[in-house]
Structure formats: C-alpha cells, structure tokens
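**Student:** Sharing start_14.cif here; it has mmCIF, C-alpha atoms and all ligand atoms.
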data_entry
#
loop_
_atom_site.group_PDB
_atom_site.id
_atom_site.type_symbol
_atom_site.label_atom_id
_atom_site.label_comp_id
_atom_site.auth_asym_id
_atom_site.auth_seq_id
_atom_site.Cartn_x
_atom_site.Cartn_y
_atom_site.Cartn_z
ATOM 1 C CA MET Q 1 0.000 0.000 0.000
ATOM 2 C CA ASN Q 2 0.985 3.563 -0.389
ATOM 3 C CA GLU Q 3 3.035 4.686 2.571
ATOM 4 C CA HIS Q 4 3.002 8.292 1.528
ATOM 5 C CA GLN Q 5 1.004 10.512 3.828
ATOM 6 C CA PRO Q 6 -0.441 13.192 1.571
ATOM 7 C CA TRP Q 7 -1.786 15.293 4.391
ATOM 8 C CA LYS Q 8 -0.806 16.295 7.860
ATOM 9 C CA PHE Q 9 -2.768 16.955 10.977
ATOM 10 C CA THR Q 10 -1.242 18.596 13.998
ATOM 11 C CA CYS Q 11 -3.507 19.111 16.973
ATOM 12 C CA GLU Q 12 -3.328 22.706 18.104
ATOM 13 C CA ILE Q 13 -3.952 21.630 21.683
ATOM 14 C CA CYS Q 14 -1.788 18.569 22.216
ATOM 15 C CA GLY Q 15 0.382 18.385 19.098
ATOM 16 C CA ASP Q 16 -0.653 14.879 18.165
ATOM 17 C CA HIS Q 17 -0.856 13.861 14.511
ATOM 18 C CA SER Q 18 -3.418 11.080 14.584
ATOM 19 C CA LEU Q 19 -7.148 11.200 14.113
ATOM 20 C CA THR Q 20 -9.784 8.754 15.248
ATOM 21 C CA VAL Q 21 -13.019 8.142 13.369
ATOM 22 C CA THR Q 22 -15.986 7.024 15.469
ATOM 23 C CA HIS Q 23 -19.280 5.714 14.191
ATOM 24 C CA VAL Q 24 -22.209 5.675 16.608
ATOM 25 C CA TRP Q 25 -25.486 4.022 15.787
ATOM 26 C CA SER Q 26 -28.617 2.628 17.386
ATOM 27 C CA ILE Q 27 -30.330 -0.664 16.837
ATOM 28 C CA LEU Q 28 -33.704 -1.779 18.032
ATOM 29 C CA ALA Q 29 -33.499 -4.687 20.439
ATOM 30 C CA GLY Q 30 -36.977 -5.688 21.410
ATOM 31 C CA THR Q 31 -38.625 -2.707 23.022
ATOM 32 C CA ASP Q 32 -35.330 -1.029 23.753
ATOM 33 C CA SER Q 33 -32.768 0.494 21.536
ATOM 34 C CA GLU Q 34 -29.110 -0.193 21.968
ATOM 35 C CA ASN Q 35 -26.374 2.217 21.137
ATOM 36 C CA TRP Q 36 -23.140 0.987 19.676
ATOM 37 C CA GLN Q 37 -19.973 2.623 18.624
ATOM 38 C CA GLU Q 38 -16.969 1.550 16.650
ATOM 39 C CA TRP Q 39 -13.828 3.495 16.045
ATOM 40 C CA GLY Q 40 -10.418 3.403 14.501
ATOM 41 C CA PRO Q 41 -7.762 5.512 12.833
ATOM 42 C CA LEU Q 42 -8.189 7.757 9.842
ATOM 43 C CA GLU Q 43 -5.659 6.637 7.271
ATOM 44 C CA ALA Q 44 -3.573 8.495 4.736
ATOM 45 C CA SER Q 45 -6.083 7.646 2.008
ATOM 46 C CA HIS Q 46 -8.811 9.525 3.931
ATOM 47 C CA HIS Q 47 -10.470 6.213 4.534
ATOM 48 C CA TRP Q 48 -10.490 4.520 7.891
ATOM 49 C CA HIS Q 49 -11.004 1.216 9.570
ATOM 50 C CA TYR Q 50 -12.563 0.305 12.852
ATOM 51 C CA ASP Q 51 -10.337 -1.343 15.427
ATOM 52 C CA PHE Q 52 -12.855 -1.388 18.252
ATOM 53 C CA LYS Q 53 -16.536 -1.859 18.765
ATOM 54 C CA GLU Q 54 -18.579 -1.622 21.930
ATOM 55 C CA LYS Q 55 -22.077 -1.179 23.202
ATOM 56 C CA ILE Q 56 -22.647 2.090 24.967
ATOM 57 C CA GLU Q 57 -25.304 2.280 27.610
ATOM 58 C CA LYS Q 58 -26.163 5.875 27.058
ATOM 59 C CA ILE Q 59 -25.081 8.526 24.634
ATOM 60 C CA ASP Q 60 -23.716 11.282 26.827
ATOM 61 C CA ASP Q 61 -23.820 14.977 26.203
ATOM 62 C CA ASP Q 62 -20.316 15.072 24.854
ATOM 63 C CA ILE Q 63 -21.225 12.757 22.040
ATOM 64 C CA GLN Q 64 -24.683 14.037 21.334
ATOM 65 C CA VAL Q 65 -23.628 17.395 20.086
ATOM 66 C CA GLU Q 66 -26.471 19.749 19.492
ATOM 67 C CA ARG Q 67 -25.994 22.413 16.933
ATOM 68 C CA GLY Q 68 -28.348 24.896 15.358
ATOM 69 C CA ASP Q 69 -31.533 23.359 14.162
ATOM 70 C CA PHE Q 70 -32.116 22.794 10.509
ATOM 71 C CA GLY Q 71 -35.574 24.320 10.388
ATOM 72 C CA GLU Q 72 -34.315 27.654 11.558
ATOM 73 C CA PHE Q 73 -31.398 27.416 9.220
ATOM 74 C CA ALA Q 74 -33.622 26.777 6.220
ATOM 75 C CA GLU Q 75 -35.682 29.867 6.964
ATOM 76 C CA ASP Q 76 -32.657 32.032 7.378
ATOM 77 C CA ASP Q 77 -31.038 31.264 4.095
ATOM 78 C CA SER Q 78 -33.281 29.432 1.720
ATOM 79 C CA ASN Q 79 -31.941 31.383 -1.224
ATOM 80 C CA SER Q 80 -28.364 30.260 -1.378
ATOM 81 C CA GLU Q 81 -28.552 26.922 0.337
ATOM 82 C CA PRO Q 82 -28.341 23.958 -2.050
ATOM 83 C CA GLU Q 83 -31.330 21.743 -1.431
ATOM 84 C CA GLU Q 84 -29.305 18.600 -1.840
ATOM 85 C CA TYR Q 85 -28.367 18.675 1.811
ATOM 86 C CA GLU Q 86 -31.932 18.531 2.964
ATOM 87 C CA ILE Q 87 -32.738 15.727 0.565
ATOM 88 C CA VAL Q 88 -29.858 13.686 1.868
ATOM 89 C CA LYS Q 89 -31.043 14.130 5.387
ATOM 90 C CA GLN Q 90 -34.558 13.021 4.600
ATOM 91 C CA GLU Q 91 -33.703 10.013 2.489
ATOM 92 C CA SER Q 92 -30.941 8.614 4.604
ATOM 93 C CA ASP Q 93 -31.553 5.081 5.781
ATOM 94 C CA SER Q 94 -29.510 5.633 8.872
ATOM 95 C CA GLU Q 95 -30.434 9.044 10.148
ATOM 96 C CA SER Q 96 -29.552 8.121 13.672
ATOM 97 C CA ASP Q 97 -26.008 7.230 12.716
ATOM 98 C CA GLU Q 98 -23.403 9.654 13.860
ATOM 99 C CA PHE Q 99 -19.834 10.034 12.774
ATOM 100 C CA TYR Q 100 -17.153 11.822 14.717
ATOM 101 C CA VAL Q 101 -13.552 12.683 14.118
ATOM 102 C CA ASN Q 102 -11.432 13.368 17.164
ATOM 103 C CA CYS Q 103 -7.816 13.974 17.940
ATOM 104 C CA ALA Q 104 -6.514 10.534 18.881
ATOM 105 C CA ALA Q 105 -4.634 11.913 21.862
ATOM 106 C CA CYS Q 106 -6.790 14.582 23.510
ATOM 107 C CA ASP Q 107 -10.158 13.581 22.027
ATOM 108 C CA ARG Q 108 -10.898 17.064 20.761
ATOM 109 C CA GLU Q 109 -13.669 16.995 18.164
ATOM 110 C CA ILE Q 110 -12.575 17.977 14.685
ATOM 111 C CA GLU Q 111 -15.111 19.034 12.084
ATOM 112 C CA PHE Q 112 -14.974 17.118 8.847
ATOM 113 C CA GLY Q 113 -16.593 16.650 5.455
ATOM 114 C CA TRP Q 114 -17.067 13.860 2.972
ATOM 115 C CA SER Q 115 -15.682 13.717 -0.530
ATOM 116 C CA GLU Q 116 -18.999 12.484 -1.911
ATOM 117 C CA ILE Q 117 -22.585 13.345 -1.175
ATOM 118 C CA ASP Q 118 -24.555 11.272 1.329
ATOM 119 C CA ARG Q 119 -21.571 10.510 3.517
ATOM 120 C CA GLY Q 120 -19.726 8.847 0.689
ATOM 121 C CA GLY Q 121 -16.089 8.685 -0.206
ATOM 122 C CA GLY Q 122 -13.384 9.721 2.200
ATOM 123 C CA ILE Q 123 -13.422 11.728 5.405
ATOM 124 C CA PHE Q 124 -11.701 15.087 5.227
ATOM 125 C CA PRO Q 125 -11.158 16.764 8.600
ATOM 126 C CA VAL Q 126 -10.981 20.533 8.404
ATOM 127 C CA GLU Q 127 -7.678 20.697 10.248
ATOM 128 C CA CYS Q 128 -5.877 18.433 7.805
ATOM 129 C CA SER Q 129 -3.363 20.194 5.611
ATOM 130 C CA ASP Q 130 -5.144 19.175 2.427
ATOM 131 C CA PHE Q 131 -8.588 20.398 3.433
ATOM 132 C CA ILE Q 132 -10.029 22.720 0.810
ATOM 133 C CA PRO Q 133 -13.088 24.750 1.837
ATOM 134 C CA GLY Q 134 -15.877 24.399 -0.694
ATOM 135 C CA LYS Q 135 -14.731 21.021 -1.947
ATOM 136 C CA TYR Q 136 -16.392 18.643 0.482
ATOM 137 C CA TRP Q 137 -19.826 17.769 1.754
ATOM 138 C CA PRO Q 138 -20.074 18.580 5.443
ATOM 139 C CA GLU Q 139 -21.042 15.986 7.954
ATOM 140 C CA PRO Q 140 -24.686 17.075 8.490
ATOM 141 C CA ARG Q 141 -23.936 18.109 12.071
ATOM 142 C CA TYR Q 142 -21.606 20.800 10.756
ATOM 143 C CA LEU Q 143 -23.828 22.136 8.027
ATOM 144 C CA ASP Q 144 -24.740 25.271 9.893
ATOM 145 C CA SER Q 145 -21.201 25.908 10.986
ATOM 146 C CA TRP Q 146 -19.843 25.483 7.482
ATOM 147 C CA GLN Q 147 -22.445 27.691 5.954
ATOM 148 C CA LYS Q 148 -21.394 30.505 8.236
ATOM 149 C CA LYS Q 149 -17.797 29.965 7.223
ATOM 150 C CA GLY Q 150 -18.631 29.844 3.526
ATOM 151 C CA TRP Q 151 -17.325 26.306 3.199
ATOM 152 C CA LEU Q 152 -20.285 24.744 1.472
ATOM 153 C CA GLN Q 153 -19.880 23.437 -2.025
ATOM 154 C CA GLN Q 154 -20.598 25.913 -4.787
ATOM 155 C CA LEU Q 155 -22.476 23.856 -7.347
HETATM 156 ZN ZN ZN Q 201 -5.124 16.755 20.506
#
Before we go any further, please render this structure as structure tokens.
Ligand SMILES: [Zn+2]
**Tutor:**
Amino acid sequence: MNEHQPWKFTCEICGDHSLTVTHVWSILAGTDSENWQEWGPLEASHHWHYDFKEKIEKIDDDIQVERGDFGEFAEDDSNSEPEEYEIVKQESDSESDEFYVNCAACDREIEFGWSEIDRGGGIFPVECSDFIPGKYWPEPRYLDSWQKKGWLQQL
C-alpha cells in the first residue's frame, strides 16, 4: 500500500498527529434500543477502519452534540442553500447514525466533510493540511457551521 502521507494533521492543543473516526449508531433490540460505537484511525487515504466496537449504555452529552436546528437554518437562508443537503437528510436510511472525528490523543472533536454526497467517499477533517473549503460535503452536524464559514460546495 501507499506509505506516503499526503496530508498532515497537527492538533493545536496537544500536538498529536493522529485522528480517530468514530461511528455511533442505534439498533432496536426488542422494546429497547441499543447504542453501539466503533472506532479506529483515519488513514492516509482519507479512509479509515474500525479497530474497536462496543455497546454504549447511554449517549452522553459530549457525544450528542447539538448544533443549530435545521428548520431555523432553512428559513434564514433558503436562497443560497443547495437543497441537496436537505434531501440527503430526509432520504438517509440511517439518520440516527453519527460520525465523529477526534484527535486521537486529547479527544478534541474535529469538524470534517465527505468527498462524496450522502456521507460517501473519504473523510476530510478541516484541520488536515489538504482540506479545501468548498470542496467537500459537510457531515450534516456541521452544516450550519460550514455555511457561516462559507465552506459549502458551490455547485
Ligand atoms: Zn489533541
């Protein structure tokens, strides 16, 4: 495989260079729902693999990040916002799935986007050296944040 690391991440807090990708999802188990998470390193290719998997009893506040709500957002800026984002959100089979990218050492959350629509392709954290604003699809949780920064794709 290609050993070349085409991008670099240096945590501004702890100086670490590694990123961890975490996937959190819920499954229905009888009358209850179970929450699971799996995580592993983000690789040079902007893909990742999961090294660990565990059931989590409860999603805590740290994980369940709440950002601006989409309804309000749509009212504020319905003119310039590409509708594709809303369509993705509605049609997704796994709306409850959450993805996170964190510094592997200090666990600081790093915003990231996807190289293809609907959470496809690779993961591109904003603090990686090869991140290009306007090129990637934001993880839906960061849509509002990216819009304010002018990082949304110009289609
Ligand atoms: Zn760090």
**Student:** Once you count all atoms listed in the file, which residues end up within 9 Å of ligand ZN 201 (chain Q), and could you hand them over as a ChimeraX atom specification?
**Tutor:** /Q:10-19,102-109
**Student:** Mind checking which residues fall within 10 Å of Pro41 of chain Q, counting all atoms listed in the file, ignoring those fewer than 2 positions away in the same chain, and posting them as a list of chain:residue names?
**Tutor:**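 Answer for this query is Q:Ser18, Q:Leu19, Q:Thr20, Q:Val21, Q:Thr22, Q:Trp39, Q:Glu43, Q:Ala44, Q:His46, Q:His47, Q:Trp48, Q:His49, Q:Tyr50, Q:Asp51, Q:Val101, Q:Asn102, Q:Cys103, Q:Ala104.
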**Student:** Using all atoms listed in the file for the distances, tell me which of Q:Glu57, Q:Trp137, Q:Pro6, Q:Trp151 is nearest to Gly122 of chain Q.
**Tutor:** Q:Trp137
**Student:** Pull the neighbourhood of (-23.2, 15.4, 12.3) for me: all residues within 7 Å in file coordinates, counting all atoms listed in the file, as a list of chain:residue names.
**Tutor:** Q:Glu98, Q:Phe99, Q:Glu139, Q:Pro140, Q:Arg141, Q:Tyr142
**Student:** Smallest atom-to-atom distance to Trp146 of chain Q: which of Q:Gly113, Q:Asp32, Q:Asp130, Q:Ile56, using all atoms listed in the file?
**Tutor:**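 Of all the options, Q:Gly113 lies closest to Trp146 of chain Q.
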**Student:** Do you know which residues the PyMOL selection byres (((chain Q and resi 35) around 12) and not hetatm) returns on this file, as a PyMOL selection string?
**Tutor:** chain Q and resi 23-29+32-34+36-38+53-60+63-64+96-98
**Student:** Box in all listed atoms of segment 20-37 of chain Q, axis-aligned, with 8 Å more on each side; write out centre and edge lengths in Å to one decimal as AutoDock Vina command-line options.
**Tutor:**
--center_x -24.2 --center_y 1.5 --center_z 18.6 --size_x 44.8 --size_y 30.4 --size_z 26.4
**Student:** When distances are computed from only C-alpha atoms, which of Q:Pro125, Q:Gly150, Q:Gly120, Q:Gly40 shows the smallest separation from Phe9 of chain Q?
**Tutor:**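 Counting only C-alpha atoms, the residue closest to Phe9 of chain Q is Q:Pro125.
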**Student:** How far is it from atom CA of Lys148 of chain Q to atom CA of Lys8 of chain Q, in Å with one decimal?
**Tutor:**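 Taking atom CA of Lys148 of chain Q and atom CA of Lys8 of chain Q, their separation equals 25.0 Å.
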**Student:** Taking into account only C-alpha atoms, which residue in the set Q:Lys135, Q:Gln147, Q:Ser129, Q:Tyr100 is nearest to Ile117 of chain Q?
**Tutor:**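 Of all the options, Q:Lys135 lies closest to Ile117 of chain Q.
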**Student:** Check what the PyMOL selection byres (((chain Q and resi 153) around 6) and not hetatm) selects in the file above and give those residues as a PyMOL selection string.
**Tutor:** chain Q and resi 134-135+152+154-155
**Student:** In Å, with one decimal, what is the gap from atom CA of Ser45 of chain Q to atom CA of Asp118 of chain Q?
**Tutor:** 18.8 Å
**Student:** One decimal, in Å: what's the spacing between atom CA of Gly121 of chain Q and atom CA of His4 of chain Q?
**Tutor:**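 According to the coordinates, atom CA of Gly121 of chain Q and atom CA of His4 of chain Q are separated by 19.2 Å.
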**Student:** Please determine, counting all atoms listed in the file, which residue among Q:Phe131, Q:Ile123, Q:Gly30, Q:Phe112 has the shortest atom-to-atom distance to Leu143 of chain Q.
**Tutor:**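 Using all atoms listed in the file, Leu143 of chain Q sits closest to Q:Phe112.
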